[in-house]
>>> print(open('work00.cif').read())   # mmCIF, C-alpha atoms and all ligand atoms
data_upload
loop_
_atom_site.group_PDB
_atom_site.id
_atom_site.type_symbol
_atom_site.label_atom_id
_atom_site.label_comp_id
_atom_site.auth_asym_id
_atom_site.auth_seq_id
_atom_site.Cartn_x
_atom_site.Cartn_y
_atom_site.Cartn_z
ATOM 1 C CA MET A 30 -21.652 4.233 0.602
ATOM 2 C CA LYS A 31 -21.936 4.118 -3.152
ATOM 3 C CA ASN A 32 -19.234 2.666 -5.468
ATOM 4 C CA PRO A 33 -16.872 3.978 -6.599
ATOM 5 C CA CYS A 34 -16.293 6.034 -3.483
ATOM 6 C CA ILE A 35 -13.633 8.749 -3.613
ATOM 7 C CA VAL A 36 -12.579 10.188 -0.272
ATOM 8 C CA CYS A 37 -10.727 13.499 -0.549
ATOM 9 C CA ASN A 38 -8.462 13.726 2.484
ATOM 10 C CA TRP A 39 -7.326 17.319 2.242
ATOM 11 C CA LYS A 40 -4.985 16.829 5.218
ATOM 12 C CA MET A 41 -3.861 20.327 6.403
ATOM 13 C CA ASN A 42 -5.058 22.137 3.238
ATOM 14 C CA PRO A 43 -6.081 24.605 1.897
ATOM 15 C CA ALA A 44 -4.761 27.730 3.596
ATOM 16 C CA SER A 45 -8.018 29.677 3.869
ATOM 17 C CA GLN A 46 -11.764 29.261 4.244
ATOM 18 C CA LYS A 47 -12.306 30.976 0.906
ATOM 19 C CA GLU A 48 -10.060 28.466 -0.871
ATOM 20 C CA ALA A 49 -11.802 25.588 0.936
ATOM 21 C CA ALA A 50 -15.198 26.764 -0.353
ATOM 22 C CA ALA A 51 -13.867 27.198 -3.900
ATOM 23 C CA LEU A 52 -12.207 23.758 -3.937
ATOM 24 C CA ALA A 53 -15.342 22.082 -2.557
ATOM 25 C CA ARG A 54 -17.431 23.803 -5.236
ATOM 26 C CA GLU A 55 -15.163 22.490 -8.011
ATOM 27 C CA ILE A 56 -15.233 18.962 -6.581
ATOM 28 C CA THR A 57 -19.036 19.063 -6.346
ATOM 29 C CA ARG A 58 -19.212 20.138 -9.977
ATOM 30 C CA ALA A 59 -16.884 17.324 -11.109
ATOM 31 C CA ALA A 60 -18.921 14.769 -9.106
ATOM 32 C CA LYS A 61 -22.311 15.951 -10.299
ATOM 33 C CA SER A 62 -23.157 12.820 -12.311
ATOM 34 C CA LYS A 63 -23.451 11.062 -8.919
ATOM 35 C CA LYS A 64 -22.182 7.889 -10.522
ATOM 36 C CA GLY A 65 -20.342 7.162 -7.317
ATOM 37 C CA GLU A 66 -19.890 9.036 -4.083
ATOM 38 C CA VAL A 67 -17.326 11.733 -3.405
ATOM 39 C CA ILE A 68 -16.654 12.476 0.247
ATOM 40 C CA ILE A 69 -14.645 15.531 1.278
ATOM 41 C CA ALA A 70 -12.612 15.316 4.498
ATOM 42 C CA PRO A 71 -11.440 18.888 5.158
ATOM 43 C CA PRO A 72 -9.620 20.160 8.235
ATOM 44 C CA ALA A 73 -12.361 20.290 10.917
ATOM 45 C CA ILE A 74 -12.304 24.098 11.010
ATOM 46 C CA TYR A 75 -13.722 24.154 7.445
ATOM 47 C CA LEU A 76 -16.380 21.471 7.991
ATOM 48 C CA SER A 77 -19.408 23.772 7.821
ATOM 49 C CA THR A 78 -17.953 25.778 4.913
ATOM 50 C CA VAL A 79 -17.504 22.581 2.926
ATOM 51 C CA LYS A 80 -20.883 21.230 4.020
ATOM 52 C CA ASN A 81 -22.503 24.314 2.442
ATOM 53 C CA GLU A 82 -21.021 23.265 -0.911
ATOM 54 C CA HIS A 83 -21.017 19.468 -0.767
ATOM 55 C CA THR A 84 -23.328 16.755 0.574
ATOM 56 C CA HIS A 85 -20.908 14.109 1.845
ATOM 57 C CA VAL A 86 -18.372 15.334 4.367
ATOM 58 C CA ALA A 87 -16.047 13.540 6.761
ATOM 59 C CA LEU A 88 -13.995 14.544 9.743
ATOM 60 C CA GLN A 89 -10.294 13.623 9.457
ATOM 61 C CA ASP A 90 -10.236 12.297 13.019
ATOM 62 C CA VAL A 91 -12.516 12.083 16.044
ATOM 63 C CA SER A 92 -12.112 11.874 19.801
ATOM 64 C CA GLU A 93 -12.108 8.462 21.429
ATOM 65 C CA TYR A 94 -14.294 10.035 24.143
ATOM 66 C CA ALA A 95 -17.990 10.834 23.846
ATOM 67 C CA LYS A 96 -17.680 13.930 26.042
ATOM 68 C CA GLY A 97 -15.649 15.491 28.840
ATOM 69 C CA ALA A 98 -12.592 17.657 29.420
ATOM 70 C CA HIS A 99 -10.439 16.960 26.333
ATOM 71 C CA THR A 100 -9.058 20.268 25.074
ATOM 72 C CA GLY A 101 -8.703 20.428 21.315
ATOM 73 C CA SER A 102 -10.794 17.323 20.652
ATOM 74 C CA ILE A 103 -14.005 16.971 18.655
ATOM 75 C CA SER A 104 -16.632 14.397 19.547
ATOM 76 C CA ALA A 105 -18.405 12.179 17.039
ATOM 77 C CA SER A 106 -21.801 13.658 17.944
ATOM 78 C CA MET A 107 -20.490 17.208 17.322
ATOM 79 C CA ALA A 108 -19.315 16.114 13.878
ATOM 80 C CA LYS A 109 -22.695 14.526 13.202
ATOM 81 C CA ASN A 110 -24.496 17.708 14.281
ATOM 82 C CA MET A 111 -22.334 19.729 11.869
ATOM 83 C CA GLY A 112 -23.462 17.528 8.983
ATOM 84 C CA ALA A 113 -20.670 14.964 8.719
ATOM 85 C CA SER A 114 -21.633 11.433 7.806
ATOM 86 C CA TYR A 115 -18.171 9.839 7.862
ATOM 87 C CA VAL A 116 -14.994 10.041 9.900
ATOM 88 C CA ILE A 117 -11.459 8.892 9.040
ATOM 89 C CA VAL A 118 -10.020 6.823 11.884
ATOM 90 C CA GLY A 119 -6.480 5.520 12.424
ATOM 91 C CA HIS A 120 -4.814 7.406 9.612
ATOM 92 C CA SER A 121 -1.112 6.524 9.491
ATOM 93 C CA GLU A 122 -0.139 10.156 10.043
ATOM 94 C CA ARG A 123 -2.071 10.161 13.325
ATOM 95 C CA ARG A 124 -0.698 6.758 14.310
ATOM 96 C CA ARG A 125 2.794 8.163 13.755
ATOM 97 C CA GLU A 126 2.513 11.765 14.964
ATOM 98 C CA GLN A 127 -0.033 11.312 17.771
ATOM 99 C CA HIS A 128 1.094 7.771 18.641
ATOM 100 C CA GLU A 129 -2.461 6.474 18.267
ATOM 101 C CA THR A 130 -2.831 2.849 19.273
ATOM 102 C CA ASN A 131 -5.158 0.182 17.901
ATOM 103 C CA GLU A 132 -6.984 0.327 21.233
ATOM 104 C CA GLN A 133 -7.722 4.040 20.793
ATOM 105 C CA ILE A 134 -8.716 3.442 17.189
ATOM 106 C CA ALA A 135 -11.177 0.757 18.335
ATOM 107 C CA GLN A 136 -12.687 3.295 20.762
ATOM 108 C CA LYS A 137 -13.000 5.868 17.983
ATOM 109 C CA ILE A 138 -14.829 3.345 15.809
ATOM 110 C CA GLU A 139 -17.315 2.758 18.622
ATOM 111 C CA ARG A 140 -17.834 6.519 19.206
ATOM 112 C CA ALA A 141 -18.464 6.918 15.456
ATOM 113 C CA TYR A 142 -21.104 4.155 15.455
ATOM 114 C CA GLU A 143 -22.813 5.630 18.523
ATOM 115 C CA ALA A 144 -23.136 8.969 16.687
ATOM 116 C CA LYS A 145 -24.320 7.260 13.474
ATOM 117 C CA LEU A 146 -21.173 8.178 11.573
ATOM 118 C CA THR A 147 -19.497 5.694 9.247
ATOM 119 C CA PRO A 148 -15.833 5.221 10.184
ATOM 120 C CA ILE A 149 -13.284 4.944 7.362
ATOM 121 C CA ILE A 150 -10.613 2.908 9.107
ATOM 122 C CA CYS A 151 -7.042 3.059 7.815
ATOM 123 C CA VAL A 152 -4.715 0.071 8.003
ATOM 124 C CA GLY A 153 -1.396 -0.617 6.347
ATOM 125 C CA GLU A 154 2.199 -1.671 6.797
ATOM 126 C CA LEU A 155 4.947 0.890 7.446
ATOM 127 C CA LYS A 156 7.693 -0.491 5.227
ATOM 128 C CA LYS A 157 7.750 -2.150 1.859
ATOM 129 C CA GLU A 158 8.403 -5.796 2.661
ATOM 130 C CA THR A 159 7.384 -9.274 1.597
ATOM 131 C CA PRO A 160 3.617 -9.802 1.367
ATOM 132 C CA GLU A 161 3.778 -12.327 4.240
ATOM 133 C CA ARG A 162 5.524 -9.915 6.618
ATOM 134 C CA ALA A 163 3.292 -7.025 5.593
ATOM 135 C CA TRP A 164 0.225 -9.168 6.178
ATOM 136 C CA GLY A 165 1.455 -9.948 9.708
ATOM 137 C CA LYS A 166 1.403 -6.205 10.523
ATOM 138 C CA ILE A 167 -1.998 -5.618 8.978
ATOM 139 C CA LYS A 168 -3.514 -8.682 10.641
ATOM 140 C CA LYS A 169 -2.428 -7.381 14.044
ATOM 141 C CA GLN A 170 -4.123 -4.027 13.341
ATOM 142 C CA LEU A 171 -7.288 -5.829 12.231
ATOM 143 C CA ASP A 172 -7.355 -8.289 15.137
ATOM 144 C CA GLU A 173 -7.329 -5.400 17.613
ATOM 145 C CA ILE A 174 -10.174 -3.488 15.968
ATOM 146 C CA ILE A 175 -12.460 -6.278 14.746
ATOM 147 C CA PRO A 176 -14.447 -6.573 18.026
ATOM 148 C CA SER A 177 -15.375 -2.868 17.587
ATOM 149 C CA LEU A 178 -15.733 -2.990 13.805
ATOM 150 C CA LYS A 179 -18.313 -5.777 14.200
ATOM 151 C CA LYS A 180 -20.666 -3.477 16.110
ATOM 152 C CA GLY A 181 -21.648 -1.495 13.014
ATOM 153 C CA LYS A 182 -20.789 -0.924 9.373
ATOM 154 C CA GLY A 183 -17.389 0.535 8.690
ATOM 155 C CA VAL A 184 -15.247 1.042 5.613
ATOM 156 C CA ILE A 185 -11.598 -0.063 5.445
ATOM 157 C CA ALA A 186 -8.915 1.970 3.685
ATOM 158 C CA TYR A 187 -5.739 0.089 2.857
ATOM 159 C CA GLU A 188 -2.836 2.507 2.913
ATOM 160 C CA PRO A 189 0.640 1.033 2.494
ATOM 161 C CA VAL A 190 2.366 3.744 4.509
ATOM 162 C CA TRP A 191 5.545 3.527 2.423
ATOM 163 C CA ALA A 192 3.546 4.561 -0.630
ATOM 164 C CA ILE A 193 2.050 7.701 0.931
ATOM 165 C CA GLY A 194 3.553 10.982 -0.149
ATOM 166 C CA GLY A 195 4.150 10.503 -3.824
ATOM 167 C CA ASP A 196 7.732 9.526 -4.524
ATOM 168 C CA LYS A 197 7.560 5.743 -4.178
ATOM 169 C CA LYS A 198 6.165 3.462 -6.843
ATOM 170 C CA THR A 199 3.080 1.564 -5.771
ATOM 171 C CA ASP A 200 2.610 -1.883 -7.172
ATOM 172 C CA SER A 201 -1.091 -2.096 -7.944
ATOM 173 C CA ALA A 202 -1.112 -5.913 -8.196
ATOM 174 C CA TYR A 203 0.479 -6.165 -4.740
ATOM 175 C CA ALA A 204 -2.060 -3.665 -3.343
ATOM 176 C CA GLN A 205 -4.947 -5.541 -4.890
ATOM 177 C CA ALA A 206 -3.761 -8.867 -3.434
ATOM 178 C CA MET A 207 -3.471 -7.311 0.031
ATOM 179 C CA MET A 208 -6.929 -5.788 -0.200
ATOM 180 C CA TYR A 209 -8.412 -9.113 -1.211
ATOM 181 C CA ARG A 210 -6.778 -10.698 1.823
ATOM 182 C CA ILE A 211 -8.065 -7.977 4.166
ATOM 183 C CA LYS A 212 -11.606 -8.314 2.854
ATOM 184 C CA LEU A 213 -11.573 -12.092 3.169
ATOM 185 C CA TYR A 214 -10.136 -11.973 6.682
ATOM 186 C CA ILE A 215 -12.823 -9.547 7.883
ATOM 187 C CA ARG A 216 -15.486 -11.692 6.272
ATOM 188 C CA MET A 217 -14.221 -14.764 8.093
ATOM 189 C CA GLN A 218 -13.528 -13.150 11.461
ATOM 190 C CA ALA A 219 -16.407 -10.692 11.682
ATOM 191 C CA GLN A 220 -18.939 -12.104 9.232
ATOM 192 C CA LEU A 221 -18.968 -8.677 7.567
ATOM 193 C CA ILE A 222 -18.671 -7.634 3.970
ATOM 194 C CA THR A 223 -16.715 -4.403 4.322
ATOM 195 C CA PRO A 224 -16.115 -1.980 1.468
ATOM 196 C CA ILE A 225 -12.415 -1.410 0.895
ATOM 197 C CA LEU A 226 -10.683 1.679 -0.465
ATOM 198 C CA TYR A 227 -7.131 2.081 -1.682
ATOM 199 C CA GLY A 228 -5.035 5.025 -0.516
ATOM 200 C CA GLY A 229 -1.384 5.790 -1.164
ATOM 201 C CA SER A 230 -0.323 8.408 -3.700
ATOM 202 C CA VAL A 231 -3.302 7.978 -5.984
ATOM 203 C CA ASN A 232 -3.096 10.582 -8.733
ATOM 204 C CA CYS A 233 -3.908 11.152 -12.396
ATOM 205 C CA LYS A 234 -0.652 9.505 -13.482
ATOM 206 C CA ASN A 235 -1.096 6.163 -11.711
ATOM 207 C CA ILE A 236 -4.872 5.775 -11.468
ATOM 208 C CA GLU A 237 -5.077 3.617 -14.625
ATOM 209 C CA ASP A 238 -2.942 0.935 -12.898
ATOM 210 C CA PHE A 239 -5.452 0.694 -10.059
ATOM 211 C CA LEU A 240 -8.480 0.804 -12.297
ATOM 212 C CA GLU A 241 -7.311 -2.489 -13.802
ATOM 213 C CA TYR A 242 -8.376 -4.011 -10.483
ATOM 214 C CA LYS A 243 -11.565 -2.054 -10.064
ATOM 215 C CA ASP A 244 -13.629 -5.201 -9.454
ATOM 216 C CA SER A 245 -11.936 -5.630 -6.100
ATOM 217 C CA ILE A 246 -11.522 -1.954 -5.145
ATOM 218 C CA ASP A 247 -14.597 -0.103 -3.881
ATOM 219 C CA GLY A 248 -12.938 3.294 -4.151
ATOM 220 C CA PHE A 249 -9.966 5.465 -3.289
ATOM 221 C CA LEU A 250 -8.688 7.539 -0.396
ATOM 222 C CA VAL A 251 -6.859 10.384 -2.086
ATOM 223 C CA GLY A 252 -4.465 12.621 -0.163
ATOM 224 C CA SER A 253 -2.434 15.473 -1.614
ATOM 225 C CA ALA A 254 -3.929 15.148 -5.105
ATOM 226 C CA SER A 255 -7.378 15.838 -3.612
ATOM 227 C CA ALA A 256 -6.379 19.352 -2.527
ATOM 228 C CA GLN A 257 -5.341 20.380 -6.049
ATOM 229 C CA LYS A 258 -8.261 21.534 -8.135
ATOM 230 C CA LYS A 259 -7.190 20.296 -11.560
ATOM 231 C CA GLU A 260 -5.793 17.014 -10.295
ATOM 232 C CA ILE A 261 -8.832 15.980 -8.258
ATOM 233 C CA THR A 262 -11.453 17.030 -10.799
ATOM 234 C CA THR A 263 -9.636 15.073 -13.531
ATOM 235 C CA LEU A 264 -9.215 12.106 -11.192
ATOM 236 C CA ILE A 265 -12.933 12.029 -10.365
ATOM 237 C CA LYS A 266 -13.815 12.052 -14.051
ATOM 238 C CA LYS A 267 -11.334 9.255 -14.818
ATOM 239 C CA ILE A 268 -12.594 7.076 -11.976
ATOM 240 C CA TYR A 269 -16.275 7.700 -12.694
ATOM 241 C CA GLY A 270 -15.623 7.072 -16.381
ATOM 242 C CA SER A 271 -14.216 3.628 -15.785
ATOM 243 C CA TYR A 272 -16.715 2.078 -13.337
HETATM 244 P P1 LIG B 1 -1.211 10.802 -0.617
HETATM 245 O O1 LIG B 1 -2.282 10.557 -1.632
HETATM 246 O O2 LIG B 1 -0.803 12.227 -0.497
HETATM 247 O O3 LIG B 1 -0.060 9.877 -0.786
HETATM 248 O O4 LIG B 1 -1.843 10.458 0.784
HETATM 249 C C1 LIG B 1 -2.554 9.292 0.960
HETATM 250 C C2 LIG B 1 -3.318 9.453 2.193
HETATM 251 O O5 LIG B 1 -2.754 9.601 3.259
HETATM 252 C C3 LIG B 1 -4.761 9.499 2.065
HETATM 253 O O6 LIG B 1 -5.354 9.561 3.295
#
>>> encode(input="work00.cif", output="structure tokens")
Amino acid sequence: MKNPCIVCNWKMNPASQKEAAALAREITRAAKSKKGEVIIAPPAIYLSTVKNEHTHVALQDVSEYAKGAHTGSISASMAKNMGASYVIVGHSERRREQHETNEQIAQKIERAYEAKLTPIICVGELKKETPERAWGKIKKQLDEIIPSLKKGKGVIAYEPVWAIGGDKKTDSAYAQAMMYRIKLYIRMQAQLITPILYGGSVNCKNIEDFLEYKDSIDGFLVGSASAQKKEITTLIKKIYGSY
């Protein structure tokens, strides 16, 4: 992974294959200086469409199983065969809506490594609370995945869940302090230097706040802003311009 890394998590957007191709084309154009790395994570149904337009693609989720009877699931090796090089694992929306556990997330990390995919592993506290209490929640998530994380090279995305969705103010200094703590903890527990991304309502309006801390942020996991053509192309230029 090359810094700064910008992961475009399109979530359940856009509405059609044609729009997915057009959006991917615009993102590729905005990222053409290759100063960093832009990864597009489309809904799985658009993976090959996006792959035709853009080099670095990710799946938004992957099965914890390598194969078998699991209707609706996609294995890590299938994603690899379709041209993906990354997979998002443990996103807060999946933890909440699909009740994914840290144990399942650890399995997904291992399946990703086996298929030679790089997992982008999301961690973060649910509510805005004191740094000490928030750290307790994040540490528990890390402790349960570190034995799997250690088996390869993953990327961590810190997503304070309360800041996802756009209407809450994110405190960039708080986020930076938490990311520093996460990085240090993984270094001590797993002897790994893991790249760390920030995700949580990153957009053109607030990006300058985060860029103040660019020395300790390896990139960004962008949600809804990444599915809007003007917003994401401007964001890429701003981020590339500052590193
Ligand atoms: P938003 O950028 O829409 O807040 O989403 C963040 C996120 O979930 C990225 O994966």
>>> atom_distance(input="work00.cif", atom1="CA of Phe239 in chain A", atom2="CA of Tyr227 in chain A")
8.7 Å
>>> closest_residue(input="work00.cif", among="A:Lys180, A:Arg162, A:His85, A:Lys157", to="Tyr142 in chain A", atoms="only C-alpha atoms")
A:Lys180
>>> closest_residue(input="work00.cif", among="A:Val251, A:Ala206, A:Ile150, A:Ile175", to="ligand LIG 1 (chain B)", atoms="only C-alpha atoms and all ligand atoms")
A:Val251
>>> residues_near_ligand(input="work00.cif", ligand="ligand LIG 1 (chain B)", cutoff="10 Å", atoms="all atoms listed in the file", output="PyMOL selection string")
chain A and resi 36-40+70+89+117+120-122+151+186-197+227-232+249-256
>>> atom_distance(input="work00.cif", atom1="CA of Lys212 in chain A", atom2="CA of Ser245 in chain A")
9.4 Å
>>> atom_distance(input="work00.cif", atom1="CA of Thr100 in chain A", atom2="CA of Gly153 in chain A")
29.1 Å
>>> residues_around(input="work00.cif", residues="Asn81 in chain A", least_positions_apart="4", cutoff="10 Å", atoms="all atoms listed in the file", output="PyMOL selection string")
chain A and resi 50+53-54+76-77+112
>>> closest_residue(input="work00.cif", among="A:Gly65, A:Pro43, A:Gly248, A:Pro33", to="Ile185 in chain A", atoms="only C-alpha atoms")
A:Gly248
>>> closest_residue(input="work00.cif", among="A:Asp200, A:Asp90, A:Asp172, A:Glu132", to="Ile149 in chain A", atoms="all atoms listed in the file")
A:Asp90
>>> build_atoms(input="work00.cif", residues="range 254-265 of chain A", atoms="all heavy atoms", output="compact mmCIF listing (two decimals), in the coordinates of the input")
# COMPACT_ATOMS: atom_id res chain seq x y z
N ALA A 254 -3.30 14.84 -3.80
CA ALA A 254 -3.93 15.15 -5.11
C ALA A 254 -5.33 15.73 -4.93
O ALA A 254 -5.82 16.47 -5.77
CB ALA A 254 -3.97 13.88 -5.97
N SER A 255 -5.98 15.40 -3.80
CA SER A 255 -7.38 15.84 -3.61
C SER A 255 -7.48 17.31 -3.23
O SER A 255 -8.56 17.88 -3.22
CB SER A 255 -8.08 14.97 -2.57
OG SER A 255 -7.66 15.30 -1.27
N ALA A 256 -6.35 17.93 -2.90
CA ALA A 256 -6.38 19.35 -2.53
C ALA A 256 -5.91 20.24 -3.68
O ALA A 256 -5.73 21.43 -3.51
CB ALA A 256 -5.53 19.58 -1.29
N GLN A 257 -5.72 19.60 -4.85
CA GLN A 257 -5.34 20.38 -6.05
C GLN A 257 -6.48 20.31 -7.04
O GLN A 257 -6.84 19.21 -7.51
CB GLN A 257 -4.08 19.80 -6.68
CG GLN A 257 -2.86 19.84 -5.77
CD GLN A 257 -1.78 18.89 -6.26
OE1 GLN A 257 -1.55 18.78 -7.45
NE2 GLN A 257 -1.16 18.18 -5.33
N LYS A 258 -7.03 21.47 -7.36
CA LYS A 258 -8.26 21.53 -8.14
C LYS A 258 -8.22 20.72 -9.44
O LYS A 258 -9.08 19.88 -9.67
CB LYS A 258 -8.57 23.01 -8.43
CG LYS A 258 -9.90 23.24 -9.09
CD LYS A 258 -10.18 24.71 -9.25
CE LYS A 258 -9.45 25.26 -10.45
NZ LYS A 258 -9.61 26.68 -10.68
N LYS A 259 -7.21 20.95 -10.25
CA LYS A 259 -7.19 20.30 -11.56
C LYS A 259 -7.00 18.79 -11.41
O LYS A 259 -7.66 17.98 -12.07
CB LYS A 259 -6.06 20.92 -12.40
CG LYS A 259 -5.97 20.38 -13.78
CD LYS A 259 -5.86 21.47 -14.82
CE LYS A 259 -5.79 20.97 -16.25
NZ LYS A 259 -6.52 19.78 -16.53
N GLU A 260 -6.12 18.43 -10.51
CA GLU A 260 -5.79 17.01 -10.30
C GLU A 260 -7.03 16.23 -9.82
O GLU A 260 -7.38 15.20 -10.38
CB GLU A 260 -4.66 16.94 -9.26
CG GLU A 260 -4.09 15.58 -9.03
CD GLU A 260 -3.15 15.09 -10.14
OE1 GLU A 260 -2.74 15.87 -11.01
OE2 GLU A 260 -2.85 13.88 -10.10
N ILE A 261 -7.71 16.75 -8.82
CA ILE A 261 -8.83 15.98 -8.26
C ILE A 261 -10.04 15.96 -9.20
O ILE A 261 -10.71 14.94 -9.33
CB ILE A 261 -9.22 16.45 -6.83
CG1 ILE A 261 -10.26 15.51 -6.21
CG2 ILE A 261 -9.68 17.89 -6.76
CD1 ILE A 261 -9.85 14.08 -6.06
N THR A 262 -10.28 17.05 -9.91
CA THR A 262 -11.45 17.03 -10.80
C THR A 262 -11.20 16.06 -11.96
O THR A 262 -12.09 15.31 -12.35
CB THR A 262 -11.81 18.45 -11.30
OG1 THR A 262 -10.65 19.07 -11.83
CG2 THR A 262 -12.37 19.32 -10.18
N THR A 263 -9.96 16.02 -12.45
CA THR A 263 -9.64 15.07 -13.53
C THR A 263 -9.72 13.64 -13.00
O THR A 263 -10.24 12.74 -13.66
CB THR A 263 -8.21 15.35 -14.08
OG1 THR A 263 -8.11 16.73 -14.36
CG2 THR A 263 -7.92 14.55 -15.32
N LEU A 264 -9.21 13.45 -11.80
CA LEU A 264 -9.22 12.11 -11.19
C LEU A 264 -10.65 11.59 -11.02
O LEU A 264 -10.96 10.43 -11.34
CB LEU A 264 -8.50 12.19 -9.84
CG LEU A 264 -7.95 10.94 -9.20
CD1 LEU A 264 -7.04 10.17 -10.14
CD2 LEU A 264 -7.19 11.31 -7.93
N ILE A 265 -11.53 12.44 -10.55
CA ILE A 265 -12.93 12.03 -10.36
C ILE A 265 -13.52 11.60 -11.72
O ILE A 265 -14.15 10.55 -11.83
CB ILE A 265 -13.78 13.18 -9.75
CG1 ILE A 265 -13.36 13.43 -8.30
CG2 ILE A 265 -15.28 12.87 -9.84
CD1 ILE A 265 -13.92 14.70 -7.67
